[in-house]
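Okay, coords.csv is below, CSV, N, CA and C atoms:
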```csv
chain,number,residue,atom,x,y,z
A,844,MET,N,114.0,94.8,97.0
A,844,MET,CA,112.7,95.1,96.6
A,844,MET,C,112.7,96.1,95.4
A,845,ARG,N,112.0,95.7,94.3
A,845,ARG,CA,111.9,96.5,93.2
A,845,ARG,C,110.5,97.2,93.2
A,846,GLN,N,110.5,98.5,92.9
A,846,GLN,CA,109.2,99.2,93.1
A,846,GLN,C,109.1,100.3,92.0
A,847,LEU,N,107.9,100.3,91.4
A,847,LEU,CA,107.5,101.3,90.4
A,847,LEU,C,106.3,102.1,91.0
A,848,THR,N,106.4,103.4,91.2
A,848,THR,CA,105.3,104.2,91.8
A,848,THR,C,104.8,105.0,90.7
A,849,GLY,N,103.5,105.5,90.9
A,849,GLY,CA,102.9,106.4,89.9
A,849,GLY,C,102.7,105.7,88.5
A,850,VAL,N,102.5,104.4,88.5
A,850,VAL,CA,102.4,103.7,87.2
A,850,VAL,C,101.1,104.1,86.5
A,851,ILE,N,100.0,104.2,87.2
A,851,ILE,CA,98.7,104.6,86.6
A,851,ILE,C,98.0,105.5,87.5
A,852,SER,N,97.3,106.5,87.0
A,852,SER,CA,96.4,107.3,87.7
A,852,SER,C,95.1,107.4,86.9
A,853,ASP,N,94.0,107.1,87.5
A,853,ASP,CA,92.7,107.1,86.8
A,853,ASP,C,91.6,107.5,87.7
A,854,ARG,N,90.9,108.5,87.4
A,854,ARG,CA,89.7,109.0,88.2
A,854,ARG,C,90.0,109.1,89.7
A,855,GLY,N,91.3,109.6,90.0
A,855,GLY,CA,91.7,109.8,91.4
A,855,GLY,C,92.4,108.6,92.0
A,856,SER,N,92.2,107.4,91.5
A,856,SER,CA,92.9,106.2,92.0
A,856,SER,C,94.3,106.2,91.4
A,857,LYS,N,95.2,105.8,92.3
A,857,LYS,CA,96.7,105.8,91.9
A,857,LYS,C,97.2,104.4,92.1
A,858,TYR,N,98.1,103.9,91.3
A,858,TYR,CA,98.6,102.5,91.3
A,858,TYR,C,100.1,102.5,91.4
A,859,ALA,N,100.6,101.6,92.1
A,859,ALA,CA,102.1,101.3,92.2
A,859,ALA,C,102.2,99.8,92.1
A,860,VAL,N,103.4,99.3,91.8
A,860,VAL,CA,103.7,97.9,91.8
A,860,VAL,C,105.1,97.6,92.4
A,861,SER,N,105.1,96.6,93.2
A,861,SER,CA,106.4,96.2,93.9
A,861,SER,C,106.6,94.7,93.7
A,862,GLY,N,107.8,94.2,93.9
A,862,GLY,CA,108.0,92.8,93.8
A,862,GLY,C,109.4,92.4,94.3
A,863,GLY,N,109.6,91.2,94.4
A,863,GLY,CA,110.9,90.7,94.8
A,863,GLY,C,110.9,89.1,95.0
A,864,ALA,N,112.1,88.6,95.2
A,864,ALA,CA,112.2,87.1,95.3
A,864,ALA,C,111.7,86.7,96.7
A,865,VAL,N,111.0,85.6,96.7
A,865,VAL,CA,110.5,85.0,97.9
A,865,VAL,C,110.7,83.4,97.8
A,866,THR,N,110.8,82.8,98.9
A,866,THR,CA,111.0,81.3,98.8
A,866,THR,C,109.9,80.5,99.5
A,867,ASP,N,109.2,81.1,100.5
A,867,ASP,CA,108.2,80.4,101.2
A,867,ASP,C,107.2,81.5,101.9
A,868,ARG,N,106.2,80.9,102.6
A,868,ARG,CA,105.3,81.8,103.2
A,868,ARG,C,105.9,82.8,104.2
A,869,THR,N,106.9,82.4,104.9
A,869,THR,CA,107.6,83.3,105.8
A,869,THR,C,108.2,84.5,105.1
A,870,SER,N,108.9,84.2,104.0
A,870,SER,CA,109.5,85.3,103.2
A,870,SER,C,108.4,86.2,102.5
A,871,ILE,N,107.3,85.6,102.2
A,871,ILE,CA,106.2,86.4,101.6
A,871,ILE,C,105.7,87.4,102.7
A,872,ASP,N,105.5,86.9,103.9
A,872,ASP,CA,105.0,87.7,105.0
A,872,ASP,C,106.0,88.8,105.3
A,873,ALA,N,107.3,88.5,105.3
A,873,ALA,CA,108.4,89.4,105.6
A,873,ALA,C,108.4,90.5,104.5
A,874,PHE,N,108.2,90.1,103.2
A,874,PHE,CA,108.2,91.1,102.1
A,874,PHE,C,107.0,92.1,102.3
A,875,LEU,N,105.8,91.5,102.6
A,875,LEU,CA,104.7,92.4,102.8
A,875,LEU,C,104.8,93.3,104.0
A,876,LYS,N,105.4,92.8,105.1
A,876,LYS,CA,105.7,93.6,106.3
A,876,LYS,C,106.6,94.8,105.9
A,877,ASP,N,107.7,94.4,105.2
A,877,ASP,CA,108.7,95.4,104.8
A,877,ASP,C,108.0,96.5,103.9
A,878,LEU,N,107.2,96.1,102.9
A,878,LEU,CA,106.4,97.0,102.1
A,878,LEU,C,105.6,98.0,102.9
A,879,LYS,N,104.9,97.5,103.9
A,879,LYS,CA,104.0,98.3,104.7
A,879,LYS,C,104.7,99.1,105.8
A,880,ARG,N,106.0,99.0,105.9
A,880,ARG,CA,106.8,99.9,106.8
A,880,ARG,C,106.7,101.3,106.3
A,881,ASP,N,106.5,101.4,104.9
A,881,ASP,CA,106.3,102.7,104.3
A,881,ASP,C,104.8,103.1,104.6
A,882,LYS,N,104.6,104.1,105.4
A,882,LYS,CA,103.2,104.5,105.8
A,882,LYS,C,102.3,104.7,104.6
A,883,LYS,N,102.8,105.1,103.5
A,883,LYS,CA,102.0,105.4,102.3
A,883,LYS,C,101.4,104.0,101.8
A,884,PHE,N,102.2,103.0,101.8
A,884,PHE,CA,101.7,101.6,101.4
A,884,PHE,C,100.8,101.0,102.5
A,885,ALA,N,101.2,101.3,103.7
A,885,ALA,CA,100.3,100.7,104.8
A,885,ALA,C,98.9,101.3,104.8
A,886,LYS,N,98.8,102.6,104.3
A,886,LYS,CA,97.5,103.2,104.3
A,886,LYS,C,96.8,103.0,103.0
A,887,ALA,N,97.4,102.3,102.0
A,887,ALA,CA,96.7,102.1,100.7
A,887,ALA,C,95.4,101.3,100.9
A,888,THR,N,94.5,101.5,100.0
A,888,THR,CA,93.2,100.8,100.0
A,888,THR,C,93.4,99.4,99.8
A,889,HIS,N,94.3,99.0,98.8
A,889,HIS,CA,94.5,97.6,98.5
A,889,HIS,C,96.0,97.3,98.2
A,890,ASN,N,96.5,96.2,98.7
A,890,ASN,CA,97.8,95.7,98.4
A,890,ASN,C,97.5,94.3,97.9
A,891,THR,N,97.2,94.1,96.7
A,891,THR,CA,96.9,92.8,96.1
A,891,THR,C,98.1,92.1,95.6
A,892,TRP,N,98.3,90.8,95.9
A,892,TRP,CA,99.5,90.2,95.5
A,892,TRP,C,99.3,88.7,95.0
A,893,GLY,N,100.3,88.3,94.3
A,893,GLY,CA,100.3,86.9,93.9
A,893,GLY,C,101.7,86.4,93.8
A,894,VAL,N,101.9,85.1,94.0
A,894,VAL,CA,103.2,84.4,93.8
A,894,VAL,C,103.0,83.0,93.4
A,895,LEU,N,103.9,82.5,92.6
A,895,LEU,CA,104.0,81.1,92.2
A,895,LEU,C,105.2,80.5,92.9
A,896,GLY,N,105.0,79.5,93.7
A,896,GLY,CA,106.1,78.8,94.4
A,896,GLY,C,106.8,78.0,93.4
A,897,ALA,N,108.0,77.6,93.7
A,897,ALA,CA,108.9,76.7,92.8
A,897,ALA,C,108.1,75.4,92.5
A,898,ASN,N,107.3,75.0,93.5
A,898,ASN,CA,106.6,73.8,93.3
A,898,ASN,C,105.3,74.0,92.4
A,899,GLY,N,105.1,75.2,91.9
A,899,GLY,CA,103.9,75.6,91.1
A,899,GLY,C,102.7,75.9,91.9
A,900,ILE,N,102.8,75.9,93.2
A,900,ILE,CA,101.6,76.2,94.0
A,900,ILE,C,101.4,77.7,94.1
A,901,PRO,N,100.2,78.1,93.6
A,901,PRO,CA,99.9,79.6,93.6
A,901,PRO,C,99.4,80.1,94.9
A,902,LEU,N,99.8,81.2,95.3
A,902,LEU,CA,99.3,81.9,96.5
A,902,LEU,C,98.9,83.3,96.1
A,903,LYS,N,97.8,83.8,96.6
A,903,LYS,CA,97.4,85.2,96.3
A,903,LYS,C,96.5,85.7,97.4
A,904,ASN,N,96.4,87.1,97.3
A,904,ASN,CA,95.5,87.8,98.3
A,904,ASN,C,94.9,89.0,97.5
A,905,ASP,N,93.6,89.0,97.4
A,905,ASP,CA,93.0,90.1,96.7
A,905,ASP,C,92.9,91.4,97.6
A,906,ASP,N,93.0,91.3,98.9
A,906,ASP,CA,93.0,92.4,99.8
A,906,ASP,C,91.8,93.4,99.5
A,907,GLY,N,90.7,92.8,99.2
A,907,GLY,CA,89.4,93.5,99.0
A,907,GLY,C,89.2,93.9,97.6
A,908,GLU,N,90.2,93.7,96.7
A,908,GLU,CA,90.0,94.0,95.3
A,908,GLU,C,89.7,92.7,94.5
A,909,ALA,N,88.5,92.2,94.7
A,909,ALA,CA,88.1,90.9,94.2
A,909,ALA,C,88.5,90.6,92.8
A,910,GLY,N,89.2,89.4,92.7
A,910,GLY,CA,89.7,88.9,91.4
A,910,GLY,C,91.1,89.4,91.0
A,911,ALA,N,91.6,90.4,91.6
A,911,ALA,CA,92.8,91.0,91.2
A,911,ALA,C,94.0,90.1,91.4
A,912,GLY,N,94.0,89.3,92.5
A,912,GLY,CA,95.1,88.4,92.8
A,912,GLY,C,95.2,87.3,91.6
A,913,MET,N,94.1,86.9,91.1
A,913,MET,CA,94.1,85.9,90.0
A,913,MET,C,94.7,86.5,88.8
A,914,VAL,N,94.4,87.8,88.5
A,914,VAL,CA,95.0,88.5,87.3
A,914,VAL,C,96.6,88.4,87.5
A,915,ILE,N,97.1,88.7,88.7
A,915,ILE,CA,98.5,88.7,88.9
A,915,ILE,C,99.1,87.3,88.7
A,916,LEU,N,98.4,86.3,89.2
A,916,LEU,CA,98.8,84.9,89.1
A,916,LEU,C,98.9,84.4,87.6
A,917,ARG,N,97.9,84.8,86.9
A,917,ARG,CA,97.8,84.4,85.4
A,917,ARG,C,99.0,85.0,84.7
A,918,MET,N,99.4,86.2,85.0
A,918,MET,CA,100.5,86.9,84.4
A,918,MET,C,101.8,86.3,84.8
A,919,LEU,N,101.9,85.9,86.1
A,919,LEU,CA,103.1,85.2,86.6
A,919,LEU,C,103.3,83.9,85.9
A,920,GLU,N,102.2,83.1,85.7
A,920,GLU,CA,102.2,81.9,85.0
A,920,GLU,C,102.7,82.0,83.5
A,921,ARG,N,102.2,83.0,82.8
A,921,ARG,CA,102.5,83.3,81.5
A,921,ARG,C,104.0,83.7,81.3
A,922,ALA,N,104.5,84.4,82.3
A,922,ALA,CA,105.9,84.9,82.3
A,922,ALA,C,106.8,83.8,82.9
A,923,GLU,N,106.2,82.7,83.4
A,923,GLU,CA,107.0,81.6,84.0
A,923,GLU,C,107.9,82.1,85.1
A,924,LEU,N,107.4,83.0,85.9
A,924,LEU,CA,108.2,83.6,87.0
A,924,LEU,C,107.8,83.0,88.3
A,925,HIS,N,108.7,82.2,88.9
A,925,HIS,CA,108.4,81.5,90.1
A,925,HIS,C,109.2,82.1,91.2
A,926,ASP,N,108.8,81.8,92.5
A,926,ASP,CA,109.5,82.3,93.7
A,926,ASP,C,109.7,83.8,93.6
A,927,HIS,N,108.7,84.6,93.1
A,927,HIS,CA,108.8,86.0,93.0
A,927,HIS,C,107.4,86.6,93.3
A,928,ILE,N,107.3,87.5,94.2
A,928,ILE,CA,106.0,88.1,94.6
A,928,ILE,C,105.8,89.4,93.8
A,929,ILE,N,104.6,89.6,93.3
A,929,ILE,CA,104.3,90.9,92.7
A,929,ILE,C,103.1,91.5,93.5
A,930,VAL,N,103.2,92.7,94.0
A,930,VAL,CA,102.2,93.4,94.7
A,930,VAL,C,101.7,94.6,94.0
A,931,VAL,N,100.4,94.7,93.6
A,931,VAL,CA,99.8,95.9,93.0
A,931,VAL,C,99.1,96.6,94.1
A,932,THR,N,99.5,97.9,94.3
A,932,THR,CA,98.9,98.7,95.3
A,932,THR,C,98.0,99.8,94.7
A,933,ARG,N,96.9,99.9,95.3
A,933,ARG,CA,95.9,100.9,94.8
A,933,ARG,C,95.5,101.8,95.9
A,934,TRP,N,95.5,103.1,95.7
A,934,TRP,CA,95.0,104.1,96.6
A,934,TRP,C,93.7,104.6,95.9
A,935,TYR,N,92.5,104.3,96.5
A,935,TYR,CA,91.2,104.5,95.9
A,935,TYR,C,91.0,106.0,95.9
A,936,GLY,N,90.5,106.5,94.7
A,936,GLY,CA,90.3,107.9,94.5
A,936,GLY,C,88.9,108.4,94.6
A,937,GLY,N,88.0,107.5,95.0
A,937,GLY,CA,86.6,108.0,95.3
A,937,GLY,C,85.6,107.6,94.2
A,938,LYS,N,86.1,107.2,93.0
A,938,LYS,CA,85.2,106.8,91.9
A,938,LYS,C,85.5,105.3,91.6
A,939,HIS,N,84.4,104.6,91.4
A,939,HIS,CA,84.5,103.2,91.0
A,939,HIS,C,85.0,103.1,89.6
A,940,LEU,N,85.9,102.1,89.4
A,940,LEU,CA,86.6,102.0,88.0
A,940,LEU,C,86.0,100.8,87.2
A,941,GLY,N,85.1,100.0,87.9
A,941,GLY,CA,84.5,98.9,87.2
A,941,GLY,C,85.6,98.0,86.6
A,942,GLY,N,85.4,97.5,85.4
A,942,GLY,CA,86.3,96.5,84.8
A,942,GLY,C,87.7,97.1,84.5
A,943,ASP,N,87.8,98.4,84.5
A,943,ASP,CA,89.1,99.1,84.2
A,943,ASP,C,90.1,98.7,85.2
A,944,ARG,N,89.6,98.4,86.5
A,944,ARG,CA,90.6,98.1,87.5
A,944,ARG,C,91.4,96.8,87.2
A,945,PHE,N,90.8,95.9,86.5
A,945,PHE,CA,91.6,94.7,86.1
A,945,PHE,C,92.6,95.0,85.0
A,946,ARG,N,92.2,95.9,84.1
A,946,ARG,CA,93.2,96.3,83.1
A,946,ARG,C,94.4,97.1,83.8
A,947,HIS,N,94.1,97.8,84.8
A,947,HIS,CA,95.1,98.6,85.5
A,947,HIS,C,96.0,97.6,86.2
A,948,VAL,N,95.5,96.6,86.8
A,948,VAL,CA,96.3,95.6,87.5
A,948,VAL,C,97.2,94.9,86.5
A,949,GLN,N,96.7,94.5,85.3
A,949,GLN,CA,97.5,93.9,84.3
A,949,GLN,C,98.6,94.9,83.8
A,950,ASP,N,98.2,96.1,83.6
A,950,ASP,CA,99.2,97.1,83.1
A,950,ASP,C,100.3,97.3,84.1
A,951,CYS,N,100.0,97.3,85.4
A,951,CYS,CA,101.0,97.4,86.5
A,951,CYS,C,102.0,96.2,86.5
A,952,VAL,N,101.4,95.0,86.4
A,952,VAL,CA,102.2,93.8,86.4
A,952,VAL,C,103.1,93.8,85.1
A,953,GLN,N,102.5,94.2,84.0
A,953,GLN,CA,103.3,94.2,82.8
A,953,GLN,C,104.5,95.2,82.9
A,954,ALA,N,104.2,96.4,83.5
A,954,ALA,CA,105.3,97.4,83.7
A,954,ALA,C,106.4,96.8,84.5
A,955,TYR,N,106.0,96.1,85.6
A,955,TYR,CA,107.0,95.4,86.5
A,955,TYR,C,107.8,94.4,85.7
A,956,LEU,N,107.1,93.5,85.0
A,956,LEU,CA,107.8,92.5,84.2
A,956,LEU,C,108.8,93.1,83.2
A,957,ASP,N,108.3,94.1,82.5
A,957,ASP,CA,109.2,94.8,81.6
A,957,ASP,C,110.4,95.4,82.3
A,958,ASP,N,110.2,96.0,83.4
A,958,ASP,CA,111.3,96.6,84.2
A,958,ASP,C,112.3,95.5,84.7
A,959,LEU,N,111.7,94.4,85.1
A,959,LEU,CA,112.5,93.3,85.6
A,959,LEU,C,113.5,92.7,84.5
A,960,ARG,N,112.9,92.7,83.3
A,960,ARG,CA,113.7,92.2,82.1
A,960,ARG,C,114.7,93.2,81.6
A,961,GLY,N,114.6,94.4,82.0
A,961,GLY,CA,115.5,95.5,81.6
A,961,GLY,C,115.2,96.0,80.3
```
Full structure transcribed into structure tokens:
Amino acid sequence: MRQLTGVISDRGSKYAVSGGAVTDRTSIDAFLKDLKRDKKFAKATHNTWGVLGANGIPLKNDDGEAGAGMVILRMLERAELHDHIIVVTRWYGGKHLGGDRFRHVQDCVQAYLDDLRG
């Protein structure tokens, strides 16, 4: 599992991004279970994720952050990254971020992709 913490902090909300190779729904569920073994991530407000299967079938979960999973999927498609899950975690800080939350999800995914490429 690759993980970047403290990627963004805005109006009290904090963001992290995690990811790793997955091959099917069972490995996706195992990845998410492993991530949430860390109590900090288990208690997060949102663990939004997306993955493109080798067959091109997209899977996502907004986890209450409406539309965020689609942002992750679009970036995975552009990067042509298949069989790899990316999870953007948000700890809500008490103030609504409006449209900025989508930019923050994009920035987290981009930071992850940049780190992945070295």
With a distance cut-off of 7 Å and all atoms listed in the file, select the neighbouring residues of Ile915 in chain A, excluding the residue or stretch itself and same-chain residues fewer than 5 positions from it, and output the selection as a short mmCIF file (atom, residue, chain, number, x, y, z; two decimals) with N, CA and C atoms, keeping the file's coordinate frame.
```
data_model
loop_
_atom_site.label_atom_id
_atom_site.label_comp_id
_atom_site.auth_asym_id
_atom_site.auth_seq_id
_atom_site.Cartn_x
_atom_site.Cartn_y
_atom_site.Cartn_z
N TRP A 892 98.30 90.80 95.90
CA TRP A 892 99.50 90.20 95.50
C TRP A 892 99.30 88.70 95.00
N GLY A 893 100.30 88.30 94.30
CA GLY A 893 100.30 86.90 93.90
C GLY A 893 101.70 86.40 93.80
N VAL A 894 101.90 85.10 94.00
CA VAL A 894 103.20 84.40 93.80
C VAL A 894 103.00 83.00 93.40
N GLY A 910 89.20 89.40 92.70
CA GLY A 910 89.70 88.90 91.40
C GLY A 910 91.10 89.40 91.00
N GLU A 920 102.20 83.10 85.70
CA GLU A 920 102.20 81.90 85.00
C GLU A 920 102.70 82.00 83.50
N VAL A 948 95.50 96.60 86.80
CA VAL A 948 96.30 95.60 87.50
C VAL A 948 97.20 94.90 86.50
N GLN A 949 96.70 94.50 85.30
CA GLN A 949 97.50 93.90 84.30
C GLN A 949 98.60 94.90 83.80
N VAL A 952 101.40 95.00 86.40
CA VAL A 952 102.20 93.80 86.40
C VAL A 952 103.10 93.80 85.10
#
```
note - atom N of Asp958 in chain A and atom N of Leu940 in chain A are separated by 25.8 Å
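All residues of range 877-952 of chain A that DSSP, run on the backbone, classes as strand (DSSP E) are His889, Asn890, Thr891, Trp892, Gly893, Val894, Leu895, Pro901, Leu902, Lys903, Asn904, His927, Ile928, Ile929, Val930, Val931, Thr932, Arg933 and Trp934 of chain A.
Considering the residues A:Leu959, A:Asp853, A:Met913, A:Thr848 and counting only C-alpha atoms, Lys938 in chain A has its shortest atom-to-atom contact with A:Asp853.
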Hey, what's within 8 Å of Val931 in chain A if we count only C-alpha atoms and toss same-chain stuff fewer than 3 positions away? As a PyMOL selection string, please? chain A and resi 858-861+889-892+948+951-952
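When only N, CA and C atoms are used to measure the gap to Met918 in chain A, the shortest distance among A:Val850, A:Lys883, A:Gln953, A:His939 belongs to A:Gln953.
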Would you give me, as a compact mmCIF listing (two decimals) with N, CA and C atoms, keeping the file's coordinate frame, the residues in chain A that DSSP reads as alpha helix (DSSP H)?
```
# COMPACT_ATOMS: atom_id res chain seq x y z
N ARG A 868 106.20 80.90 102.60
CA ARG A 868 105.30 81.80 103.20
C ARG A 868 105.90 82.80 104.20
N THR A 869 106.90 82.40 104.90
CA THR A 869 107.60 83.30 105.80
C THR A 869 108.20 84.50 105.10
N SER A 870 108.90 84.20 104.00
CA SER A 870 109.50 85.30 103.20
C SER A 870 108.40 86.20 102.50
N ILE A 871 107.30 85.60 102.20
CA ILE A 871 106.20 86.40 101.60
C ILE A 871 105.70 87.40 102.70
N ASP A 872 105.50 86.90 103.90
CA ASP A 872 105.00 87.70 105.00
C ASP A 872 106.00 88.80 105.30
N ALA A 873 107.30 88.50 105.30
CA ALA A 873 108.40 89.40 105.60
C ALA A 873 108.40 90.50 104.50
N PHE A 874 108.20 90.10 103.20
CA PHE A 874 108.20 91.10 102.10
C PHE A 874 107.00 92.10 102.30
N LEU A 875 105.80 91.50 102.60
CA LEU A 875 104.70 92.40 102.80
C LEU A 875 104.80 93.30 104.00
N LYS A 876 105.40 92.80 105.10
CA LYS A 876 105.70 93.60 106.30
C LYS A 876 106.60 94.80 105.90
N ASP A 877 107.70 94.40 105.20
CA ASP A 877 108.70 95.40 104.80
C ASP A 877 108.00 96.50 103.90
N LEU A 878 107.20 96.10 102.90
CA LEU A 878 106.40 97.00 102.10
C LEU A 878 105.60 98.00 102.90
N LYS A 882 104.60 104.10 105.40
CA LYS A 882 103.20 104.50 105.80
C LYS A 882 102.30 104.70 104.60
N LYS A 883 102.80 105.10 103.50
CA LYS A 883 102.00 105.40 102.30
C LYS A 883 101.40 104.00 101.80
N PHE A 884 102.20 103.00 101.80
CA PHE A 884 101.70 101.60 101.40
C PHE A 884 100.80 101.00 102.50
N ALA A 885 101.20 101.30 103.70
CA ALA A 885 100.30 100.70 104.80
C ALA A 885 98.90 101.30 104.80
N ALA A 911 91.60 90.40 91.60
CA ALA A 911 92.80 91.00 91.20
C ALA A 911 94.00 90.10 91.40
N GLY A 912 94.00 89.30 92.50
CA GLY A 912 95.10 88.40 92.80
C GLY A 912 95.20 87.30 91.60
N MET A 913 94.10 86.90 91.10
CA MET A 913 94.10 85.90 90.00
C MET A 913 94.70 86.50 88.80
N VAL A 914 94.40 87.80 88.50
CA VAL A 914 95.00 88.50 87.30
C VAL A 914 96.60 88.40 87.50
N ILE A 915 97.10 88.70 88.70
CA ILE A 915 98.50 88.70 88.90
C ILE A 915 99.10 87.30 88.70
N LEU A 916 98.40 86.30 89.20
CA LEU A 916 98.80 84.90 89.10
C LEU A 916 98.90 84.40 87.60
N ARG A 917 97.90 84.80 86.90
CA ARG A 917 97.80 84.40 85.40
C ARG A 917 99.00 85.00 84.70
N MET A 918 99.40 86.20 85.00
CA MET A 918 100.50 86.90 84.40
C MET A 918 101.80 86.30 84.80
N LEU A 919 101.90 85.90 86.10
CA LEU A 919 103.10 85.20 86.60
C LEU A 919 103.30 83.90 85.90
N GLU A 920 102.20 83.10 85.70
CA GLU A 920 102.20 81.90 85.00
C GLU A 920 102.70 82.00 83.50
N ARG A 921 102.20 83.00 82.80
CA ARG A 921 102.50 83.30 81.50
C ARG A 921 104.00 83.70 81.30
N ALA A 922 104.50 84.40 82.30
CA ALA A 922 105.90 84.90 82.30
C ALA A 922 106.80 83.80 82.90
N ASP A 943 87.80 98.40 84.50
CA ASP A 943 89.10 99.10 84.20
C ASP A 943 90.10 98.70 85.20
N ARG A 944 89.60 98.40 86.50
CA ARG A 944 90.60 98.10 87.50
C ARG A 944 91.40 96.80 87.20
N PHE A 945 90.80 95.90 86.50
CA PHE A 945 91.60 94.70 86.10
C PHE A 945 92.60 95.00 85.00
N ARG A 946 92.20 95.90 84.10
CA ARG A 946 93.20 96.30 83.10
C ARG A 946 94.40 97.10 83.80
N HIS A 947 94.10 97.80 84.80
CA HIS A 947 95.10 98.60 85.50
C HIS A 947 96.00 97.60 86.20
N VAL A 948 95.50 96.60 86.80
CA VAL A 948 96.30 95.60 87.50
C VAL A 948 97.20 94.90 86.50
N GLN A 949 96.70 94.50 85.30
CA GLN A 949 97.50 93.90 84.30
C GLN A 949 98.60 94.90 83.80
N ASP A 950 98.20 96.10 83.60
CA ASP A 950 99.20 97.10 83.10
C ASP A 950 100.30 97.30 84.10
N CYS A 951 100.00 97.30 85.40
CA CYS A 951 101.00 97.40 86.50
C CYS A 951 102.00 96.20 86.50
N VAL A 952 101.40 95.00 86.40
CA VAL A 952 102.20 93.80 86.40
C VAL A 952 103.10 93.80 85.10
N GLN A 953 102.50 94.20 84.00
CA GLN A 953 103.30 94.20 82.80
C GLN A 953 104.50 95.20 82.90
N ALA A 954 104.20 96.40 83.50
CA ALA A 954 105.30 97.40 83.70
C ALA A 954 106.40 96.80 84.50
N TYR A 955 106.00 96.10 85.60
CA TYR A 955 107.00 95.40 86.50
C TYR A 955 107.80 94.40 85.70
N LEU A 956 107.10 93.50 85.00
CA LEU A 956 107.80 92.50 84.20
C LEU A 956 108.80 93.10 83.20
N ASP A 957 108.30 94.10 82.50
CA ASP A 957 109.20 94.80 81.60
C ASP A 957 110.40 95.40 82.30
N ASP A 958 110.20 96.00 83.40
CA ASP A 958 111.30 96.60 84.20
C ASP A 958 112.30 95.50 84.70
N LEU A 959 111.70 94.40 85.10
CA LEU A 959 112.50 93.30 85.60
C LEU A 959 113.50 92.70 84.50
N ARG A 960 112.90 92.70 83.30
CA ARG A 960 113.70 92.20 82.10
C ARG A 960 114.70 93.20 81.60
```
How close does range 899-929 of chain A get to range 872-880 of chain A? List, as JSON lines, each residue of range 899-929 of chain A within 12 Å, its nearest atom pair and the distance in Å to one decimal, counting only C-alpha atoms.
```
{"residue": "A:Leu902", "atom": "CA", "partner": "A:Asp872", "partner_atom": "CA", "distance": 11.8}
{"residue": "A:Lys903", "atom": "CA", "partner": "A:Asp872", "partner_atom": "CA", "distance": 11.8}
{"residue": "A:Asn904", "atom": "CA", "partner": "A:Leu875", "partner_atom": "CA", "distance": 11.2}
{"residue": "A:His927", "atom": "CA", "partner": "A:Phe874", "partner_atom": "CA", "distance": 10.4}
{"residue": "A:Ile928", "atom": "CA", "partner": "A:Phe874", "partner_atom": "CA", "distance": 8.4}
{"residue": "A:Ile929", "atom": "CA", "partner": "A:Phe874", "partner_atom": "CA", "distance": 10.2}
```
Quick one: of A:Leu895, A:Asp905, A:Phe884, A:Gly942, who's nearest to Asp926 in chain A, counting all atoms listed in the file? A:Leu895
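In this comparison, which uses only C-alpha atoms, the residue of A:His947, A:Arg960, A:Lys857, A:Arg933 approaching Ala885 in chain A most closely is A:Arg933.
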So how many Å separate atom N of Leu924 in chain A and atom C of Gly941 in chain A, to one decimal? 26.5 Å
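From CA of Arg944 in chain A back to CA of His925 in chain A, the distance works out to 24.5 Å.
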Option closest in space to Ala864 in chain A, from A:Met844, A:Ala911, A:Gly896, A:Ile851 [counting all atoms listed in the file]: A:Met844
